[in-house]
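See below for protein_12.csv, which holds CSV, C-alpha atoms.
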chain,number,residue,atom,x,y,z
A,1,MET,CA,109.6,99.8,128.1
A,2,THR,CA,111.1,97.5,125.6
A,3,ALA,CA,114.6,96.3,124.9
A,4,ALA,CA,116.8,98.4,122.7
A,5,HIS,CA,116.6,97.8,118.9
A,6,ALA,CA,119.6,96.3,117.2
A,7,ASP,CA,122.4,98.7,116.9
A,8,PRO,CA,124.2,99.2,113.6
A,9,ALA,CA,127.5,98.8,115.4
A,10,THR,CA,126.7,95.1,116.2
A,11,THR,CA,124.1,94.1,113.6
A,12,LEU,CA,126.3,93.5,110.6
A,13,PHE,CA,128.4,90.4,111.0
A,14,PRO,CA,127.6,89.9,114.7
A,15,LEU,CA,130.1,87.1,115.3
A,16,ALA,CA,132.9,89.0,113.6
A,17,ARG,CA,132.0,92.1,115.7
A,18,ALA,CA,132.0,90.0,118.9
A,19,ASP,CA,135.4,88.6,118.0
A,20,GLU,CA,136.7,92.1,117.3
A,21,LEU,CA,135.3,93.5,120.6
A,22,ALA,CA,136.9,90.6,122.5
A,23,ARG,CA,140.3,91.3,120.9
A,24,ASP,CA,139.9,95.0,121.8
A,25,ILE,CA,139.0,94.2,125.4
A,26,GLU,CA,141.9,91.8,125.7
A,27,ALA,CA,144.3,94.3,124.3
A,28,VAL,CA,143.4,97.0,126.9
A,29,ALA,CA,142.0,95.4,129.9
A,30,ILE,CA,143.0,91.7,130.4
A,31,SER,CA,146.1,90.6,132.2
A,32,GLY,CA,146.1,86.9,133.0
A,33,ASP,CA,142.8,86.3,134.8
A,34,HIS,CA,142.4,89.9,135.9
A,35,VAL,CA,140.1,92.5,134.2
A,36,ASP,CA,141.0,96.2,134.6
A,37,ARG,CA,137.7,98.1,134.1
A,38,ASN,CA,139.2,101.6,133.8
A,39,PRO,CA,140.5,101.2,130.2
A,40,LEU,CA,137.1,99.9,129.1
A,41,TRP,CA,135.3,103.0,130.3
A,42,THR,CA,137.8,105.6,129.0
A,43,ARG,CA,137.6,104.3,125.4
A,44,PRO,CA,134.3,105.4,123.9
A,45,GLY,CA,134.5,103.0,121.0
A,46,ILE,CA,134.8,100.0,123.3
A,47,LEU,CA,132.2,101.3,125.8
A,48,ARG,CA,129.7,102.0,123.0
A,49,ARG,CA,130.0,98.4,121.6
A,50,ILE,CA,129.8,96.9,125.1
A,51,ALA,CA,126.7,99.0,125.9
A,52,ALA,CA,125.1,98.0,122.6
A,53,ARG,CA,125.6,94.2,123.3
A,54,ALA,CA,124.4,94.6,126.9
A,55,ALA,CA,121.3,96.5,125.8
A,56,GLU,CA,120.5,93.8,123.1
A,57,ALA,CA,120.6,91.2,125.9
A,58,MET,CA,118.0,92.9,127.9
A,59,PRO,CA,114.5,91.3,127.9
A,60,ALA,CA,111.4,93.3,126.9
A,61,GLY,CA,109.6,95.0,129.7
A,62,VAL,CA,112.6,96.1,131.8
A,63,ASP,CA,111.8,99.2,133.9
A,64,ARG,CA,115.4,100.0,135.1
A,65,VAL,CA,119.0,99.1,134.7
A,66,VAL,CA,120.9,98.5,138.0
A,67,GLY,CA,124.6,98.4,138.6
A,68,HIS,CA,127.4,98.9,141.1
A,69,GLU,CA,128.9,102.3,141.4
A,70,GLN,CA,132.2,100.8,140.2
A,71,ASP,CA,130.4,100.2,136.9
A,72,LEU,CA,128.9,103.7,136.7
A,73,ALA,CA,130.2,104.3,133.2
A,74,LEU,CA,128.8,101.0,132.0
A,75,VAL,CA,125.4,101.5,133.7
A,76,THR,CA,125.1,105.0,132.2
A,77,ALA,CA,126.1,103.8,128.7
A,78,VAL,CA,123.6,100.9,128.8
A,79,SER,CA,120.9,103.3,130.0
A,80,LEU,CA,121.6,105.8,127.3
A,81,HIS,CA,121.7,103.1,124.6
A,82,SER,CA,118.5,101.4,125.7
A,83,GLY,CA,116.5,104.4,126.9
A,84,VAL,CA,115.9,102.6,130.2
A,85,PRO,CA,116.6,104.7,133.4
A,86,PHE,CA,119.1,103.4,135.9
A,87,ALA,CA,119.9,103.2,139.6
A,88,VAL,CA,123.3,102.5,141.2
A,89,VAL,CA,124.2,100.5,144.3
A,90,ASP,CA,127.1,102.1,146.2
A,91,GLY,CA,129.9,100.6,148.3
A,92,ASP,CA,127.7,100.6,151.4
A,93,LEU,CA,125.0,98.7,149.4
A,94,GLU,CA,122.7,101.8,149.4
A,95,ILE,CA,120.6,102.5,146.3
A,96,ARG,CA,121.3,105.8,144.5
A,97,GLY,CA,118.6,106.8,142.1
A,98,GLU,CA,115.0,105.7,141.9
A,99,LEU,CA,114.1,102.0,142.3
A,100,TYR,CA,110.5,101.1,143.1
A,101,PRO,CA,108.9,97.9,144.4
A,102,ALA,CA,107.6,95.6,141.6
A,103,GLU,CA,109.9,97.0,139.0
A,104,THR,CA,111.6,94.6,136.6
A,105,VAL,CA,115.3,95.3,136.5
A,106,VAL,CA,118.4,94.1,134.6
A,107,ALA,CA,121.6,94.2,136.6
A,108,VAL,CA,124.8,95.0,134.6
A,109,ARG,CA,128.4,94.3,135.8
A,110,THR,CA,131.8,94.6,134.3
A,111,CYS,CA,132.9,91.3,135.8
A,112,SER,CA,131.1,88.5,137.5
A,113,THR,CA,132.8,87.0,140.5
A,114,SER,CA,131.5,85.0,143.4
A,115,ASP,CA,130.8,88.4,145.0
A,116,SER,CA,128.4,89.6,142.3
A,117,ALA,CA,125.2,88.6,144.1
A,118,ARG,CA,125.7,91.2,146.9
A,119,MET,CA,124.7,94.0,144.6
A,120,LEU,CA,121.6,92.1,143.6
A,121,LYS,CA,120.6,91.5,147.2
A,122,ALA,CA,120.6,95.2,147.8
A,123,ALA,CA,118.2,95.7,144.8
A,124,LEU,CA,116.0,92.8,145.9
A,125,GLN,CA,115.5,94.4,149.3
A,126,ARG,CA,113.5,97.0,147.4
A,127,GLN,CA,111.2,94.2,146.3
A,128,VAL,CA,112.1,94.4,142.6
A,129,HIS,CA,112.3,91.5,140.1
A,130,VAL,CA,115.8,91.0,138.8
A,131,ALA,CA,115.1,89.5,135.4
A,132,LYS,CA,118.7,89.1,134.2
A,133,MET,CA,122.2,89.9,135.1
A,134,VAL,CA,124.3,90.9,132.1
A,135,THR,CA,128.1,90.7,132.7
A,136,VAL,CA,130.7,91.9,130.3
A,137,VAL,CA,133.3,89.4,131.4
A,138,GLU,CA,132.6,86.4,133.5
A,139,VAL,CA,135.8,85.7,135.5
A,140,GLU,CA,134.0,83.1,137.6
A,141,PRO,CA,130.3,82.2,137.7
A,142,PRO,CA,128.4,84.4,140.2
A,143,ALA,CA,127.4,82.5,143.3
A,144,ASP,CA,124.1,82.8,145.1
A,145,LEU,CA,122.1,84.4,142.3
A,146,PRO,CA,118.4,84.3,142.9
A,147,SER,CA,117.0,81.2,141.1
A,148,GLU,CA,114.8,83.2,138.8
A,149,THR,CA,117.6,85.5,137.7
A,150,ASP,CA,119.1,84.6,134.3
A,151,HIS,CA,122.9,85.2,134.0
A,152,CYS,CA,124.2,86.4,130.6
A,153,PRO,CA,127.9,86.9,130.3
A,154,LEU,CA,128.9,88.6,127.0
A,155,PHE,CA,132.4,87.0,127.3
A,156,ARG,CA,134.0,84.4,129.6
A,157,LEU,CA,137.7,84.8,130.7
A,158,ARG,CA,139.5,81.5,130.6
A,159,ASP,CA,143.3,81.1,130.7
A,160,GLY,CA,143.8,84.8,130.0
A,161,ARG,CA,141.6,84.8,126.8
A,162,LEU,CA,138.1,85.9,126.2
A,163,HIS,CA,135.6,83.4,124.8
A,164,PRO,CA,132.0,84.0,123.7
A,165,GLY,CA,129.4,84.1,126.4
A,166,ASP,CA,125.7,83.5,126.4
A,167,GLU,CA,124.3,86.5,124.6
A,168,ARG,CA,120.7,85.8,124.6
With the file now loaded, output its structure as structure tokens.
Amino acid sequence: MTAAHADPATTLFPLARADELARDIEAVAISGDHVDRNPLWTRPGILRRIAARAAEAMPAGVDRVVGHEQDLALVTAVSLHSGVPFAVVDGDLEIRGELYPAETVVAVRTCSTSDSARMLKAALQRQVHVAKMVTVVEVEPPADLPSETDHCPLFRLRDGRLHPGDER
């Protein structure tokens, strides 16, 4: 499979669109240094734009999107946008859905915290290659990521404001 093609929602004026998305996320989900994921997933216009940006950050050759069950709406939206199937890691770190050894996966998260690597470790136990972790909002850099895993925050939360991340 290949990464998703550019989405019309983000292609025209990408920096302006990123600024607009950041303002929308701040308006509904940011309080100080806290991110409330629920308003993001109940607003289709925001979720669609986040999924488009996350899908664009996926490298070519990805077999599966993996995410935590708390981010089910995000994982589903990225999967639908990219056409790449997904699996979910539940609260007990069990995998729900198909995930096969030797697959290349992209992990997606709403927020990166020092705890983010726990989900990846559950996927790695299935002997998959985690090519990239795409995070909507980096609250703090994730600790203990496997050295071969690229971390790509779409935005960084600093002093209660969102700043551009490393979309690549």
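Rounded to one decimal, CA of Ile30 (chain A) and CA of Ala77 (chain A) lie 20.9 Å from each other.
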Report task. Pick out the residues sitting within 7 Å of region 157-159 of chain A, and hand them over as a VMD selection string; count only C-alpha atoms, and ignore anything fewer than 5 positions along from it in its own chain. Result -> chain A and resid 32 to 33 137 to 139
Query raised in the report: Which residues come within 12 Å of region 92-99 of chain A, counting only C-alpha atoms, excluding same-chain residues fewer than 6 positions away, as a ChimeraX atom specification?
Result: /A:63-70,72,76,85-86,105-106,117-130
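Proximity of A:Met133, A:Ile25, A:Cys152, A:Val78 to Ala55 (chain A), computed with all atoms listed in the file, is greatest for A:Val78.
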Report summary line: Shortest contact to Val134 (chain A), candidates A:His81, A:His163, A:Arg53, A:Arg17, atoms counted all atoms listed in the file, goes to A:Arg53
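If you look at CA of Ala27 (chain A) and CA of His151 (chain A), they are 25.2 Å away from each other.
Computed from the coordinates, the CA of Phe155 (chain A) to CA of Val136 (chain A) distance equals 6.0 Å.
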